[in-house]
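Peer 1: Pasting in a structure now, in structure tokens, and then I'll have a few things to ask.
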Amino acid sequence: MQGSSSISSSSVNASMPHCHCGVRSPIRTVWKCDYPGRRFYGCSGYGTNKRCSFFQWYDPDPLARYFDVICKLLETNEGIRSENMELKKSR
């Protein structure tokens with residue numbers, strides 16, 4: 001399963017911390033099975049070569065069960081997507 005993160009619409013929040021680059025760090029969401037759905041502050045240059053290593057969790061530590069449930073849902077979703085792709089190819 002491919003991991004990713006996304007910028008939240010709440011990233012315009014004025015209380016965002018500044019990263020080591022000196023700019024505000026938007027809230028992002030992890031979509032990997034390690035921390036699915038957990039939000040964090042990260043450098044605004046994330047995904048580019050112009051980023052620092054700033055990282056700070058936004059959400060408190062969730063329960064382990066939370067991770068298990070979301071990870072299973074992500075895996076199921078990925079399976080359904082793969083199945084749909086195969087069905088589209090066979091048409």
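Letters A, B, ... mark the chains of the structure tokens in the order given; residue numbers begin at 1 per chain; ligand numbers begin at 1, in order shown.
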As number ranges by chain, please: all residues of chain A that backbone DSSP puts in strand (DSSP E or B).
Peer 2: A: 5-7, 18, 24, 27-30, 39-42, 55-57
Peer 1: I'd like to know which residues of region 33-72 of chain A are helix (DSSP H, G or I) (by DSSP, run on the backbone); could you write them as a list in words?
Peer 2: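 Reading the DSSP output for region 33-72 of chain A, helix (DSSP H, G or I) covers Ala64, Arg65, Tyr66, Phe67, Asp68, Val69, Ile70, Cys71 and Lys72 of chain A.
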Peer 1: Would you list the contacts of His18 (chain A) as a ChimeraX atom specification, taking every protein, DNA or RNA residue within 10 Å and counting only C-alpha atoms, but skipping same-chain residues closer than 3 positions in sequence?
Peer 2: /A:15,21-26,41-44,54
Peer 1: Just N, CA and C atoms for this one: save the residues we selected as a PDB file, in the first residue's frame.
Peer 2:
```pdb
ATOM      1  N   SER A  15      -1.983  29.649  14.672  1.00  0.00           N
ATOM      2  CA  SER A  15      -1.152  29.102  15.743  1.00  0.00           C
ATOM      3  C   SER A  15      -0.192  28.022  15.250  1.00  0.00           C
ATOM      4  N   CYS A  21      12.890  26.406   8.469  1.00  0.00           N
ATOM      5  CA  CYS A  21      13.038  27.302   7.314  1.00  0.00           C
ATOM      6  C   CYS A  21      12.500  28.696   7.638  1.00  0.00           C
ATOM      7  N   GLY A  22      11.797  28.816   8.780  1.00  0.00           N
ATOM      8  CA  GLY A  22      11.252  30.100   9.192  1.00  0.00           C
ATOM      9  C   GLY A  22       9.843  30.374   8.697  1.00  0.00           C
ATOM     10  N   VAL A  23       9.200  29.402   8.099  1.00  0.00           N
ATOM     11  CA  VAL A  23       7.826  29.590   7.619  1.00  0.00           C
ATOM     12  C   VAL A  23       6.878  28.708   8.422  1.00  0.00           C
ATOM     13  N   ARG A  24       5.592  29.051   8.375  1.00  0.00           N
ATOM     14  CA  ARG A  24       4.601  28.262   9.108  1.00  0.00           C
ATOM     15  C   ARG A  24       4.520  26.849   8.552  1.00  0.00           C
ATOM     16  N   SER A  25       4.349  25.913   9.439  1.00  0.00           N
ATOM     17  CA  SER A  25       4.253  24.503   9.051  1.00  0.00           C
ATOM     18  C   SER A  25       2.791  24.085   9.002  1.00  0.00           C
ATOM     19  N   PRO A  26       2.303  23.699   7.835  1.00  0.00           N
ATOM     20  CA  PRO A  26       0.903  23.288   7.727  1.00  0.00           C
ATOM     21  C   PRO A  26       0.652  21.954   8.422  1.00  0.00           C
ATOM     22  N   TYR A  41       2.474  18.540  12.146  1.00  0.00           N
ATOM     23  CA  TYR A  41       3.013  19.734  11.509  1.00  0.00           C
ATOM     24  C   TYR A  41       4.289  19.313  10.797  1.00  0.00           C
ATOM     25  N   GLY A  42       4.455  19.762   9.568  1.00  0.00           N
ATOM     26  CA  GLY A  42       5.669  19.454   8.821  1.00  0.00           C
ATOM     27  C   GLY A  42       6.074  20.650   7.987  1.00  0.00           C
ATOM     28  N   CYS A  43       7.313  20.685   7.587  1.00  0.00           N
ATOM     29  CA  CYS A  43       7.843  21.772   6.769  1.00  0.00           C
ATOM     30  C   CYS A  43       6.957  21.992   5.542  1.00  0.00           C
ATOM     31  N   SER A  44       6.716  23.244   5.194  1.00  0.00           N
ATOM     32  CA  SER A  44       5.872  23.540   4.027  1.00  0.00           C
ATOM     33  C   SER A  44       6.548  23.124   2.725  1.00  0.00           C
ATOM     34  N   PHE A  54      11.795  19.594  10.046  1.00  0.00           N
ATOM     35  CA  PHE A  54      10.840  19.900  11.113  1.00  0.00           C
ATOM     36  C   PHE A  54       9.662  18.937  11.097  1.00  0.00           C
TER      37      PHE A  54
END
```
